[in-house]
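The structure file work-v2.cif is reproduced below (mmCIF, C-alpha atoms and all ligand atoms).
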data_run
loop_
_atom_site.label_atom_id
_atom_site.label_comp_id
_atom_site.auth_asym_id
_atom_site.auth_seq_id
_atom_site.Cartn_x
_atom_site.Cartn_y
_atom_site.Cartn_z
CA MET U 1416 -126.44 -154.53 13.09
CA SER U 1417 -122.84 -154.01 11.93
CA THR U 1418 -121.77 -150.39 11.94
CA ASN U 1419 -118.99 -148.98 9.81
CA THR U 1420 -116.71 -147.57 12.55
CA ALA U 1421 -114.32 -145.69 10.26
CA THR U 1422 -115.21 -141.97 10.50
CA PRO U 1423 -114.76 -140.30 7.11
CA GLU U 1424 -112.49 -137.25 6.79
CA VAL U 1425 -114.57 -134.05 7.28
CA ASP U 1426 -113.47 -130.96 5.32
CA LYS U 1427 -114.44 -128.45 8.03
CA GLY U 1428 -115.81 -125.27 6.50
CA LEU U 1429 -115.37 -126.95 3.09
CA ALA U 1430 -112.04 -125.07 3.05
CA THR U 1431 -110.42 -127.36 0.47
CA THR U 1432 -113.54 -128.53 -1.39
CA TYR U 1433 -114.25 -127.42 -4.95
CA ALA U 1434 -118.07 -127.58 -4.98
CA ALA U 1435 -118.72 -126.14 -8.44
CA GLU U 1436 -117.17 -124.81 -11.62
CA THR U 1437 -117.65 -121.16 -12.54
CA GLU U 1438 -116.80 -118.95 -15.52
CA MET U 1439 -117.25 -115.69 -13.60
CA SER U 1440 -114.51 -115.10 -10.98
CA PHE U 1441 -110.99 -116.45 -10.86
CA ILE U 1442 -109.21 -116.07 -7.52
CA ASP U 1443 -105.55 -116.92 -6.92
CA GLY U 1444 -105.34 -116.70 -3.13
CA SER U 1445 -101.57 -117.12 -2.90
CA LYS U 1446 -100.80 -114.37 -5.45
CA GLY U 1447 -103.73 -112.12 -4.56
CA ILE U 1448 -105.30 -112.17 -8.01
CA LEU U 1449 -109.00 -111.63 -8.80
CA GLU U 1450 -110.33 -111.67 -12.37
CA TYR U 1451 -113.92 -111.32 -13.58
CA VAL U 1452 -114.19 -113.47 -16.72
CA GLY U 1453 -110.42 -113.20 -17.13
CA ILE U 1454 -110.14 -109.40 -16.66
CA GLU U 1455 -108.13 -108.27 -13.59
CA ILE U 1456 -110.21 -106.49 -10.95
CA ASP U 1457 -107.84 -103.51 -10.91
CA ALA U 1458 -108.42 -102.82 -14.63
CA LEU U 1459 -112.18 -103.10 -14.14
CA ALA U 1460 -112.19 -100.81 -11.08
CA ARG U 1461 -110.19 -98.18 -12.97
CA ASN U 1462 -111.98 -98.36 -16.34
CA SER U 1463 -115.40 -100.01 -16.09
CA SER U 1464 -118.78 -99.29 -14.51
CA PHE U 1465 -120.89 -101.49 -12.25
CA GLU U 1466 -123.51 -102.06 -14.94
CA GLU U 1467 -120.82 -102.99 -17.48
CA VAL U 1468 -119.28 -105.42 -14.95
CA VAL U 1469 -122.69 -107.03 -14.32
CA SER U 1470 -123.12 -107.50 -18.07
CA LEU U 1471 -119.59 -108.98 -18.24
CA LEU U 1472 -120.35 -111.42 -15.41
CA TRP U 1473 -123.74 -112.49 -16.72
CA ASN U 1474 -122.84 -112.70 -20.42
CA ARG U 1475 -119.20 -113.74 -19.98
CA ARG U 1476 -117.93 -110.92 -22.22
CA LEU U 1477 -117.75 -107.13 -22.29
CA PRO U 1478 -120.83 -105.58 -23.93
CA THR U 1479 -120.75 -103.37 -27.01
CA GLN U 1480 -121.99 -99.82 -26.43
CA SER U 1481 -125.43 -100.61 -27.87
CA GLU U 1482 -125.66 -103.77 -25.73
CA LEU U 1483 -124.72 -101.77 -22.63
CA ASP U 1484 -127.26 -99.07 -23.48
CA ALA U 1485 -129.97 -101.72 -23.85
CA PHE U 1486 -128.93 -103.38 -20.58
CA ASN U 1487 -129.01 -100.05 -18.75
CA LYS U 1488 -132.47 -99.39 -20.14
CA LYS U 1489 -133.73 -102.75 -18.85
CA ILE U 1490 -132.25 -102.14 -15.38
CA ARG U 1491 -133.61 -98.60 -15.05
CA ALA U 1492 -137.07 -99.71 -16.14
CA GLU U 1493 -137.08 -101.91 -13.03
CA TYR U 1494 -135.88 -99.36 -10.42
CA ASP U 1495 -139.41 -98.67 -9.18
CA LEU U 1496 -141.37 -100.84 -6.73
CA PRO U 1497 -144.98 -102.08 -6.81
CA ASP U 1498 -147.24 -99.67 -4.91
CA ALA U 1499 -147.89 -102.29 -2.24
CA MET U 1500 -144.14 -102.56 -1.60
CA TRP U 1501 -143.84 -98.82 -0.97
CA ALA U 1502 -146.70 -99.20 1.50
CA MET U 1503 -145.09 -102.29 3.06
CA ILE U 1504 -141.84 -100.45 3.74
CA LYS U 1505 -143.81 -98.05 5.92
CA GLN U 1506 -144.92 -101.02 8.05
CA VAL U 1507 -141.35 -102.12 8.78
CA PRO U 1508 -140.31 -101.08 12.32
CA SER U 1509 -138.02 -98.05 12.19
CA SER U 1510 -135.83 -99.86 14.71
CA ALA U 1511 -135.18 -102.74 12.30
CA THR U 1512 -131.58 -103.06 11.09
CA PRO U 1513 -131.24 -102.48 7.34
CA MET U 1514 -130.04 -106.04 6.66
CA HIS U 1515 -133.15 -107.49 8.34
CA ALA U 1516 -135.26 -105.06 6.35
CA LEU U 1517 -133.49 -105.86 3.06
CA ARG U 1518 -133.76 -109.63 3.57
CA THR U 1519 -137.46 -109.31 4.40
CA LEU U 1520 -138.34 -106.88 1.60
CA VAL U 1521 -136.45 -108.85 -1.08
CA SER U 1522 -138.34 -111.92 0.04
CA ALA U 1523 -141.62 -109.98 -0.17
CA LEU U 1524 -140.83 -108.82 -3.72
CA ALA U 1525 -141.43 -112.39 -4.91
CA MET U 1526 -145.12 -112.06 -4.11
CA PHE U 1527 -145.50 -109.23 -6.61
CA ASP U 1528 -143.62 -110.93 -9.43
CA GLU U 1529 -145.80 -113.16 -11.56
CA GLU U 1530 -142.64 -114.86 -12.85
CA ALA U 1531 -141.40 -115.63 -9.31
CA ASP U 1532 -141.72 -119.40 -9.77
CA ASP U 1533 -141.01 -119.52 -13.50
CA PRO U 1534 -137.76 -121.55 -13.70
CA SER U 1535 -136.98 -120.67 -17.34
CA GLU U 1536 -133.65 -118.97 -18.07
CA GLY U 1537 -135.44 -115.98 -19.57
CA ALA U 1538 -137.56 -115.49 -16.45
CA ASN U 1539 -134.50 -115.90 -14.21
CA GLU U 1540 -132.61 -113.31 -16.25
CA ARG U 1541 -135.53 -110.88 -15.90
CA LYS U 1542 -135.75 -111.60 -12.14
CA SER U 1543 -131.99 -111.02 -11.82
CA ILE U 1544 -132.43 -107.57 -13.37
CA ARG U 1545 -135.42 -106.82 -11.11
CA LEU U 1546 -133.49 -107.79 -7.98
CA LEU U 1547 -130.39 -105.84 -9.05
CA ALA U 1548 -132.50 -102.77 -9.87
CA LYS U 1549 -134.85 -102.85 -6.88
CA ALA U 1550 -132.46 -103.65 -4.03
CA PRO U 1551 -131.01 -100.10 -3.99
CA THR U 1552 -134.55 -98.69 -3.98
CA LEU U 1553 -135.51 -100.92 -1.04
CA ILE U 1554 -132.41 -99.94 0.96
CA ALA U 1555 -132.80 -96.19 0.34
CA ALA U 1556 -136.56 -96.25 0.94
CA PHE U 1557 -136.22 -98.13 4.23
CA ASP U 1558 -133.54 -95.70 5.42
CA ARG U 1559 -135.72 -92.68 4.67
CA HIS U 1560 -138.71 -94.39 6.31
CA ARG U 1561 -136.76 -95.12 9.52
CA LYS U 1562 -135.60 -91.47 9.61
CA GLY U 1563 -139.13 -90.17 9.16
CA GLN U 1564 -138.30 -88.72 5.75
CA ASP U 1565 -140.46 -88.84 2.62
CA PHE U 1566 -139.50 -91.40 -0.01
CA VAL U 1567 -137.43 -90.19 -2.95
CA LYS U 1568 -138.61 -92.12 -6.00
CA PRO U 1569 -136.03 -93.63 -8.37
CA ASP U 1570 -134.83 -91.64 -11.38
CA ALA U 1571 -134.27 -93.70 -14.53
CA SER U 1572 -131.97 -91.03 -15.95
CA MET U 1573 -129.25 -92.07 -13.49
CA ASN U 1574 -126.98 -95.09 -13.10
CA ILE U 1575 -127.36 -97.41 -10.10
CA ALA U 1576 -124.82 -95.57 -7.93
CA SER U 1577 -126.17 -92.07 -8.58
CA ASN U 1578 -129.77 -93.19 -8.33
CA PHE U 1579 -129.13 -94.88 -4.99
CA LEU U 1580 -127.35 -91.90 -3.43
CA THR U 1581 -130.07 -89.55 -4.69
CA MET U 1582 -132.87 -91.72 -3.28
CA LEU U 1583 -130.94 -92.00 -0.01
CA ASN U 1584 -129.93 -88.37 0.51
CA GLY U 1585 -132.62 -86.52 -1.40
CA GLU U 1586 -130.01 -84.77 -3.53
CA LYS U 1587 -127.80 -85.74 -6.44
CA PRO U 1588 -124.32 -86.92 -5.44
CA THR U 1589 -121.15 -85.24 -6.67
CA ASP U 1590 -119.42 -87.06 -9.49
CA THR U 1591 -116.68 -88.12 -7.05
CA MET U 1592 -119.24 -89.60 -4.68
CA GLN U 1593 -121.12 -91.56 -7.31
CA LYS U 1594 -117.83 -92.76 -8.80
CA ALA U 1595 -116.67 -93.95 -5.36
CA LEU U 1596 -119.82 -96.00 -4.87
CA ASP U 1597 -119.61 -97.32 -8.44
CA VAL U 1598 -116.06 -98.54 -7.76
CA CYS U 1599 -117.21 -100.26 -4.55
CA LEU U 1600 -120.05 -101.94 -6.43
CA ILE U 1601 -117.55 -103.20 -9.03
CA LEU U 1602 -115.18 -104.53 -6.36
CA HIS U 1603 -117.91 -106.42 -4.49
CA ALA U 1604 -119.82 -107.86 -7.47
CA ASP U 1605 -118.59 -111.46 -7.42
CA HIS U 1606 -116.07 -113.60 -5.61
CA GLY U 1607 -116.29 -117.31 -6.34
CA LEU U 1608 -117.95 -119.59 -3.82
CA ASN U 1609 -117.95 -117.28 -0.81
CA ALA U 1610 -120.38 -118.30 1.90
CA SER U 1611 -123.37 -116.29 0.68
CA THR U 1612 -122.93 -117.32 -2.95
CA PHE U 1613 -122.61 -120.96 -1.95
CA ALA U 1614 -125.74 -120.62 0.19
CA GLY U 1615 -127.62 -119.21 -2.78
CA ARG U 1616 -126.46 -122.11 -4.93
CA VAL U 1617 -127.67 -124.60 -2.32
CA THR U 1618 -131.12 -123.01 -2.44
CA ILE U 1619 -131.40 -122.84 -6.23
CA SER U 1620 -130.04 -126.40 -6.57
CA THR U 1621 -133.31 -127.66 -5.05
CA LEU U 1622 -135.05 -125.91 -7.98
CA SER U 1623 -136.44 -123.35 -5.58
CA ASP U 1624 -136.81 -119.83 -6.97
CA MET U 1625 -134.42 -116.92 -7.51
CA TYR U 1626 -136.04 -114.76 -4.79
CA SER U 1627 -135.59 -117.54 -2.23
CA ALA U 1628 -131.97 -118.01 -3.27
CA ILE U 1629 -131.16 -114.29 -3.00
CA THR U 1630 -132.96 -114.14 0.36
CA THR U 1631 -130.78 -117.03 1.56
CA ALA U 1632 -127.68 -115.20 0.34
CA ILE U 1633 -128.61 -111.92 2.06
CA GLY U 1634 -129.10 -113.70 5.36
CA THR U 1635 -125.73 -115.41 4.95
CA LEU U 1636 -123.85 -112.25 3.97
CA LYS U 1637 -125.06 -110.51 7.16
CA GLY U 1638 -122.64 -112.33 9.46
CA PRO U 1639 -119.57 -110.40 10.75
CA LEU U 1640 -117.22 -113.11 9.48
CA HIS U 1641 -118.48 -112.34 5.96
CA GLY U 1642 -120.22 -109.24 4.64
CA GLY U 1643 -120.88 -107.83 8.09
CA ALA U 1644 -117.14 -107.25 8.55
CA ASN U 1645 -117.21 -103.78 6.96
CA GLU U 1646 -119.61 -102.59 9.66
CA ALA U 1647 -117.47 -104.24 12.34
CA VAL U 1648 -114.40 -102.41 11.00
CA MET U 1649 -116.19 -99.07 11.36
CA VAL U 1650 -117.32 -99.92 14.89
CA MET U 1651 -113.68 -100.73 15.69
CA LEU U 1652 -112.40 -97.45 14.21
CA ASN U 1653 -114.98 -95.54 16.26
CA GLU U 1654 -114.05 -97.48 19.41
CA ILE U 1655 -110.39 -96.60 18.88
CA GLY U 1656 -111.35 -92.98 18.26
CA GLU U 1657 -107.90 -91.43 18.04
CA MET U 1658 -104.60 -92.18 16.28
CA ASP U 1659 -102.69 -92.35 19.58
CA ARG U 1660 -104.94 -95.20 20.77
CA VAL U 1661 -104.48 -97.45 17.73
CA ASP U 1662 -101.38 -99.34 18.85
CA GLN U 1663 -102.64 -100.23 22.32
CA TYR U 1664 -106.09 -101.23 21.04
CA ILE U 1665 -104.87 -103.48 18.22
CA LYS U 1666 -102.01 -105.05 20.13
CA GLY U 1667 -104.37 -105.70 23.03
CA LYS U 1668 -106.82 -107.53 20.81
CA LEU U 1669 -104.06 -109.57 19.22
CA ASP U 1670 -102.68 -110.46 22.64
CA ARG U 1671 -106.16 -111.65 23.61
CA LYS U 1672 -106.28 -113.71 20.41
CA GLU U 1673 -109.23 -111.62 19.20
CA LYS U 1674 -109.68 -111.23 15.44
CA ILE U 1675 -109.27 -107.84 13.81
CA MET U 1676 -112.20 -107.31 11.48
CA GLY U 1677 -111.30 -106.54 7.89
CA PHE U 1678 -108.26 -108.79 7.96
CA GLY U 1679 -107.73 -112.38 6.92
CA HIS U 1680 -109.47 -114.42 4.30
CA ARG U 1681 -110.31 -118.04 3.67
CA VAL U 1682 -108.75 -117.91 0.20
CA TYR U 1683 -106.42 -114.90 0.05
CA LYS U 1684 -103.15 -115.49 1.88
CA ALA U 1685 -101.82 -112.38 0.15
CA TYR U 1686 -103.13 -108.84 -0.09
CA ASP U 1687 -106.78 -108.85 -1.27
CA PRO U 1688 -106.48 -107.19 -4.71
CA ARG U 1689 -109.76 -105.38 -4.07
CA ALA U 1690 -108.26 -103.75 -0.97
CA THR U 1691 -105.26 -102.55 -3.00
CA TYR U 1692 -107.32 -100.34 -5.28
CA LEU U 1693 -109.79 -99.35 -2.57
CA LYS U 1694 -106.92 -98.13 -0.38
CA THR U 1695 -105.55 -95.82 -3.06
CA PHE U 1696 -109.01 -94.63 -4.10
CA THR U 1697 -110.18 -94.02 -0.54
CA LYS U 1698 -107.14 -91.95 0.43
CA GLN U 1699 -108.29 -89.11 -1.84
CA LEU U 1700 -111.97 -89.54 -0.98
CA ALA U 1701 -111.24 -89.45 2.76
CA ALA U 1702 -109.13 -86.29 2.32
CA ASP U 1703 -111.84 -84.64 0.20
CA THR U 1704 -114.50 -85.40 2.81
CA GLY U 1705 -112.58 -84.62 6.00
CA ASN U 1706 -112.22 -88.28 6.96
CA GLN U 1707 -108.46 -88.51 6.70
CA LYS U 1708 -108.24 -89.55 10.38
CA LEU U 1709 -110.12 -92.76 9.54
CA TYR U 1710 -107.74 -93.40 6.66
CA GLU U 1711 -104.64 -92.69 8.77
CA MET U 1712 -105.89 -94.92 11.59
CA SER U 1713 -106.56 -97.65 9.05
CA THR U 1714 -103.05 -97.43 7.58
CA ARG U 1715 -101.56 -97.59 11.09
CA ILE U 1716 -103.65 -100.68 11.87
CA GLU U 1717 -102.41 -102.19 8.64
CA GLN U 1718 -98.80 -101.51 9.63
CA ILE U 1719 -99.27 -103.19 13.01
CA MET U 1720 -101.00 -106.19 11.44
CA ASP U 1721 -98.31 -106.42 8.77
CA GLU U 1722 -95.65 -106.76 11.46
CA ALA U 1723 -97.72 -109.11 13.61
CA VAL U 1724 -99.55 -111.50 11.27
CA ALA U 1725 -98.71 -110.92 7.59
CA ALA U 1726 -96.19 -113.75 7.81
CA ARG U 1727 -99.17 -116.01 8.53
CA GLY U 1728 -100.98 -114.86 5.41
CA ILE U 1729 -103.31 -112.45 7.21
CA TYR U 1730 -103.73 -109.26 5.17
CA PRO U 1731 -106.43 -106.60 4.75
CA ASN U 1732 -109.47 -107.86 2.87
CA VAL U 1733 -112.03 -105.91 0.85
CA ASP U 1734 -113.97 -104.95 3.97
CA PHE U 1735 -111.13 -103.10 5.67
CA TYR U 1736 -110.89 -99.98 3.51
CA SER U 1737 -114.48 -100.14 2.29
CA ALA U 1738 -115.42 -99.03 5.82
CA THR U 1739 -113.58 -95.71 5.35
CA THR U 1740 -115.00 -95.39 1.82
CA TYR U 1741 -118.61 -95.78 2.97
CA ALA U 1742 -118.04 -93.49 5.96
CA SER U 1743 -116.59 -90.90 3.57
CA LEU U 1744 -119.75 -91.23 1.50
CA GLY U 1745 -121.69 -90.28 4.62
CA LEU U 1746 -123.42 -93.65 4.94
CA ASP U 1747 -124.65 -94.82 8.35
CA ILE U 1748 -122.61 -97.79 9.56
CA ASP U 1749 -125.55 -100.19 9.34
CA LEU U 1750 -125.87 -99.37 5.64
CA PHE U 1751 -122.38 -100.72 4.86
CA THR U 1752 -123.36 -104.37 4.50
CA PRO U 1753 -126.44 -103.52 2.44
CA MET U 1754 -123.98 -101.83 0.03
CA PHE U 1755 -122.16 -105.14 -0.21
CA ALA U 1756 -125.47 -106.96 -0.79
CA MET U 1757 -126.60 -104.47 -3.44
CA SER U 1758 -123.48 -105.28 -5.43
CA ARG U 1759 -123.26 -109.00 -4.75
CA ILE U 1760 -126.75 -109.60 -6.15
CA ALA U 1761 -124.85 -109.56 -9.45
CA GLY U 1762 -122.72 -112.53 -8.37
CA TRP U 1763 -125.49 -114.35 -6.55
CA ALA U 1764 -127.90 -114.18 -9.51
CA GLY U 1765 -125.13 -115.09 -11.94
CA HIS U 1766 -124.20 -118.15 -9.88
CA CYS U 1767 -127.85 -119.24 -9.59
CA ILE U 1768 -128.25 -119.21 -13.37
CA GLU U 1769 -124.84 -120.86 -13.81
CA HIS U 1770 -125.79 -123.61 -11.34
CA LEU U 1771 -129.11 -124.24 -13.07
CA SER U 1772 -127.35 -124.64 -16.42
CA ASP U 1773 -125.95 -127.94 -15.11
CA ASN U 1774 -127.98 -128.46 -11.98
CA ARG U 1775 -127.20 -131.02 -9.29
CA LEU U 1776 -128.86 -130.92 -5.89
CA ILE U 1777 -126.22 -129.84 -3.35
CA ARG U 1778 -126.39 -132.34 -0.52
CA PRO U 1779 -123.09 -133.17 1.24
CA ARG U 1780 -122.69 -135.91 3.84
CA ALA U 1781 -122.33 -135.67 7.62
CA ALA U 1782 -119.99 -138.02 9.49
CA TYR U 1783 -122.06 -139.50 12.29
CA VAL U 1784 -120.09 -139.52 15.55
CA GLY U 1785 -122.92 -140.31 17.94
CA PRO U 1786 -123.77 -143.64 19.67
CA HIS U 1787 -125.34 -146.73 18.09
CA GLU U 1788 -127.69 -149.50 19.22
CA LYS U 1789 -129.21 -147.58 22.10
CA PRO U 1790 -132.50 -148.98 23.56
CA TYR U 1791 -135.72 -146.95 23.73
CA VAL U 1792 -136.22 -146.31 27.48
CA PRO U 1793 -139.84 -145.91 28.62
CA MET U 1794 -140.60 -142.57 30.30
CA ASN U 1795 -141.16 -144.10 33.75
CA GLU U 1796 -137.68 -145.64 33.67
CA ARG U 1797 -135.74 -142.46 32.71
C1 LIG U 1801 -115.47 -111.42 3.06
O1 LIG U 1801 -114.99 -115.86 1.06
C2 LIG U 1801 -115.01 -114.72 0.46
O2 LIG U 1801 -114.65 -114.55 -0.68
C3 LIG U 1801 -115.57 -113.59 1.30
C4 LIG U 1801 -115.44 -112.19 0.68
C5 LIG U 1801 -116.33 -112.04 -0.53
O3 LIG U 1801 -116.02 -111.20 -1.40
O4 LIG U 1801 -117.41 -112.67 -0.57
O5 LIG U 1801 -114.09 -111.96 0.30
C6 LIG U 1801 -115.87 -111.12 1.67
O6 LIG U 1801 -116.22 -112.01 3.78
C7 LIG U 1801 -114.08 -111.04 3.51
C8 LIG U 1801 -113.77 -111.52 4.96
C9 LIG U 1801 -114.44 -110.54 5.94
N1 LIG U 1801 -114.33 -111.07 7.31
C10 LIG U 1801 -113.53 -110.46 8.20
O7 LIG U 1801 -112.78 -109.52 7.97
C11 LIG U 1801 -113.63 -111.06 9.61
C12 LIG U 1801 -112.25 -111.27 10.18
N2 LIG U 1801 -111.60 -112.35 9.45
C13 LIG U 1801 -111.60 -113.65 10.04
O8 LIG U 1801 -112.75 -113.97 10.76
C14 LIG U 1801 -111.10 -114.74 9.11
O9 LIG U 1801 -109.95 -114.28 8.53
C15 LIG U 1801 -112.02 -115.31 8.05
C16 LIG U 1801 -113.30 -115.78 8.62
C17 LIG U 1801 -112.28 -114.30 7.00
C18 LIG U 1801 -111.31 -116.50 7.41
O10 LIG U 1801 -111.02 -117.34 8.44
P1 LIG U 1801 -110.62 -118.88 8.25
O11 LIG U 1801 -110.17 -119.15 6.87
O12 LIG U 1801 -111.69 -119.73 8.82
O13 LIG U 1801 -109.32 -118.95 9.12
P2 LIG U 1801 -109.30 -119.04 10.70
O14 LIG U 1801 -110.40 -118.22 11.32
O15 LIG U 1801 -109.22 -120.48 11.06
O16 LIG U 1801 -107.90 -118.30 11.03
C19 LIG U 1801 -106.66 -118.97 10.83
C20 LIG U 1801 -105.71 -118.34 11.86
C21 LIG U 1801 -106.30 -118.37 13.27
O17 LIG U 1801 -105.22 -118.36 14.18
P3 LIG U 1801 -104.84 -119.78 14.91
O18 LIG U 1801 -106.11 -120.26 15.61
O19 LIG U 1801 -104.40 -120.70 13.81
O20 LIG U 1801 -103.73 -119.40 15.88
O21 LIG U 1801 -105.55 -116.94 11.52
C22 LIG U 1801 -106.05 -116.16 12.58
C23 LIG U 1801 -106.99 -117.05 13.38
O22 LIG U 1801 -107.08 -116.60 14.74
N3 LIG U 1801 -106.82 -115.06 12.01
C24 LIG U 1801 -106.83 -113.82 12.48
C25 LIG U 1801 -107.71 -113.13 11.65
N4 LIG U 1801 -108.20 -113.94 10.71
C26 LIG U 1801 -107.64 -115.15 10.94
N5 LIG U 1801 -106.19 -113.27 13.55
C27 LIG U 1801 -106.46 -111.95 13.75
N6 LIG U 1801 -107.31 -111.21 13.00
C28 LIG U 1801 -107.94 -111.76 11.95
N7 LIG U 1801 -108.78 -111.03 11.21
#

What do you get writing this file as structure tokens?
Amino acid sequence: MSTNTATPEVDKGLATTYAAETEMSFIDGSKGILEYVGIEIDALARNSSFEEVVSLLWNRRLPTQSELDAFNKKIRAEYDLPDAMWAMIKQVPSSATPMHALRTLVSALAMFDEEADDPSEGANERKSIRLLAKAPTLIAAFDRHRKGQDFVKPDASMNIASNFLTMLNGEKPTDTMQKALDVCLILHADHGLNASTFAGRVTISTLSDMYSAITTAIGTLKGPLHGGANEAVMVMLNEIGEMDRVDQYIKGKLDRKEKIMGFGHRVYKAYDPRATYLKTFTKQLAADTGNQKLYEMSTRIEQIMDEAVAARGIYPNVDFYSATTYASLGLDIDLFTPMFAMSRIAGWAGHCIEHLSDNRLIRPRAAYVGPHEKPYVPMNER
């Protein structure tokens, strides 16, 4: 049997492959630009709300006030969970990490949604709203369960950020706190074909269902090279502990060729525009909440990295300052990545519906580099 010996060129990590078209996020990695449907992320972070940004991403235009009011009403009507889900959360081991719990509970939600396997665009839009609305409830409820606290049921009079913080802490957040979370949700909502979004597209491209696709995406986001980086940044800041230990710690890691979490990006070879706004926003929040040491340590790390690796296109990414933001909000470290997931459901669901509008099964090739024409050797001759 003749074998084609030429091994095709493999694009490792698909780093230079354009696998889909999208109308939602534009990223210019060399200039550090991010736009949602053509609007710069900085303008959205300063002027918009998470719900308005979700409407922008899903409908490809800013909503009118009445459209936004109607959208908010639909989301808030879906905050609550089926009774059986509340009961199921109490069965989850308290020792489970929140990302395992979120992935499992989102997957379980499908079994209580009679539209779970309805592939129509209308059903997928309704499922997108359910997932967006229920994920914060699942995260807050699991956290209260693992701490032995009573559930705080969702309150449809509040936006997603306020409702989440109230369900989590058992008291309404200050306006500054809810605004800080709202800004983080805006900044994390969508980002082209990042690993978790691509994974979700692979799943939906088989004509599987929205819940399966979002479950795939949650599992993918969890990794420390992706959404798990914000938790890893906080672990690093806690390991460093004091300002006077920053230089030795960071330079030691760099000398050992270890990566500094919260820095570098597959696409951005300039400052991540999301980190720009987050840095300015977090400075005040950290000061207001007595976390200025975290902020000061972070800026010192940034200075060291700027001198050491900026020339190679390694800059802070969105996860670097979001760690100080979430810590300033009083969130446990292992709730940081669930915050990312809660927001990115907007992008994941949007990409699933976008993929289905012109579906093609995603199935790349593998370059075989193993042997050929090997005989089958009977067991007694091995
Ligand atoms: C997110 O894709 C997205 O859009 C993701 C995201 C989104 O919104 O969905 O933006 C969110 O995931 C942000 C990234 C969060 N991850 C981290 O902060 C983890 C730390 N960063 C690195 O692991 C890394 O930068 C990646 C994974 C993010 C990107 O890595 P690449 O593109 O695969 O590049 P690479 O690992 O091959 O690095 C190239 C060089 C290497 O040096 P050499 O081997 O060439 O000598 O840059 C170095 C790396 O060692 N490098 C770093 C570094 N990141 C890359 N060196 C020190 N510290 C780092 N953080």

- For atom CA of U:Trp1473 and atom CA of U:Tyr1494, the interatomic separation in Å (one decimal): 19.0 Å

- Message: From (-102.6, -103.3, -12.5), in the file's coordinates, out to 12 Å: which residues are reached, counting all atoms listed in the file? Answer as an MDAnalysis selection string.
- Response: chainID U and resid 1447:1450 1454:1462 1688:1689 1691:1692

For stretch 1571-1614 of chain U against stretch 1765-1768 of chain U, with a cut-off of 9 Å and counting only C-alpha atoms, what is the closest atom pair and its distance in Å to one decimal for every residue that makes the cut, ordered by chain and number, as CSV?
residue,atom,partner,partner_atom,distance
U:Asp1605,CA,U:Gly1765,CA,8.7
U:Gly1607,CA,U:His1766,CA,8.7
U:Leu1608,CA,U:His1766,CA,8.8
U:Thr1612,CA,U:His1766,CA,7.1
U:Phe1613,CA,U:His1766,CA,8.6

- Item | All residues having an atom within 9 Å of ligand LIG 1801 (chain U) (all atoms listed in the file) as a VMD selection string | chain U and resid 1428 1430 1442 1602 to 1612 1636 1638 to 1645 1647 to 1648 1668 to 1669 1672 to 1683 1687 1689 1720 1724 1727 to 1735 1755 1759

Go ahead and write the residues just picked, C-alpha atoms, as a short mmCIF file (atom, residue, chain, number, x, y, z; two decimals), in the coordinates of the input.
data_model
loop_
_atom_site.label_atom_id
_atom_site.label_comp_id
_atom_site.auth_asym_id
_atom_site.auth_seq_id
_atom_site.Cartn_x
_atom_site.Cartn_y
_atom_site.Cartn_z
CA GLY U 1428 -115.81 -125.27 6.50
CA ALA U 1430 -112.04 -125.07 3.05
CA ILE U 1442 -109.21 -116.07 -7.52
CA LEU U 1602 -115.18 -104.53 -6.36
CA HIS U 1603 -117.91 -106.42 -4.49
CA ALA U 1604 -119.82 -107.86 -7.47
CA ASP U 1605 -118.59 -111.46 -7.42
CA HIS U 1606 -116.07 -113.60 -5.61
CA GLY U 1607 -116.29 -117.31 -6.34
CA LEU U 1608 -117.95 -119.59 -3.82
CA ASN U 1609 -117.95 -117.28 -0.81
CA ALA U 1610 -120.38 -118.30 1.90
CA SER U 1611 -123.37 -116.29 0.68
CA THR U 1612 -122.93 -117.32 -2.95
CA LEU U 1636 -123.85 -112.25 3.97
CA GLY U 1638 -122.64 -112.33 9.46
CA PRO U 1639 -119.57 -110.40 10.75
CA LEU U 1640 -117.22 -113.11 9.48
CA HIS U 1641 -118.48 -112.34 5.96
CA GLY U 1642 -120.22 -109.24 4.64
CA GLY U 1643 -120.88 -107.83 8.09
CA ALA U 1644 -117.14 -107.25 8.55
CA ASN U 1645 -117.21 -103.78 6.96
CA ALA U 1647 -117.47 -104.24 12.34
CA VAL U 1648 -114.40 -102.41 11.00
CA LYS U 1668 -106.82 -107.53 20.81
CA LEU U 1669 -104.06 -109.57 19.22
CA LYS U 1672 -106.28 -113.71 20.41
CA GLU U 1673 -109.23 -111.62 19.20
CA LYS U 1674 -109.68 -111.23 15.44
CA ILE U 1675 -109.27 -107.84 13.81
CA MET U 1676 -112.20 -107.31 11.48
CA GLY U 1677 -111.30 -106.54 7.89
CA PHE U 1678 -108.26 -108.79 7.96
CA GLY U 1679 -107.73 -112.38 6.92
CA HIS U 1680 -109.47 -114.42 4.30
CA ARG U 1681 -110.31 -118.04 3.67
CA VAL U 1682 -108.75 -117.91 0.20
CA TYR U 1683 -106.42 -114.90 0.05
CA ASP U 1687 -106.78 -108.85 -1.27
CA ARG U 1689 -109.76 -105.38 -4.07
CA MET U 1720 -101.00 -106.19 11.44
CA VAL U 1724 -99.55 -111.50 11.27
CA ARG U 1727 -99.17 -116.01 8.53
CA GLY U 1728 -100.98 -114.86 5.41
CA ILE U 1729 -103.31 -112.45 7.21
CA TYR U 1730 -103.73 -109.26 5.17
CA PRO U 1731 -106.43 -106.60 4.75
CA ASN U 1732 -109.47 -107.86 2.87
CA VAL U 1733 -112.03 -105.91 0.85
CA ASP U 1734 -113.97 -104.95 3.97
CA PHE U 1735 -111.13 -103.10 5.67
CA PHE U 1755 -122.16 -105.14 -0.21
CA ARG U 1759 -123.26 -109.00 -4.75
#
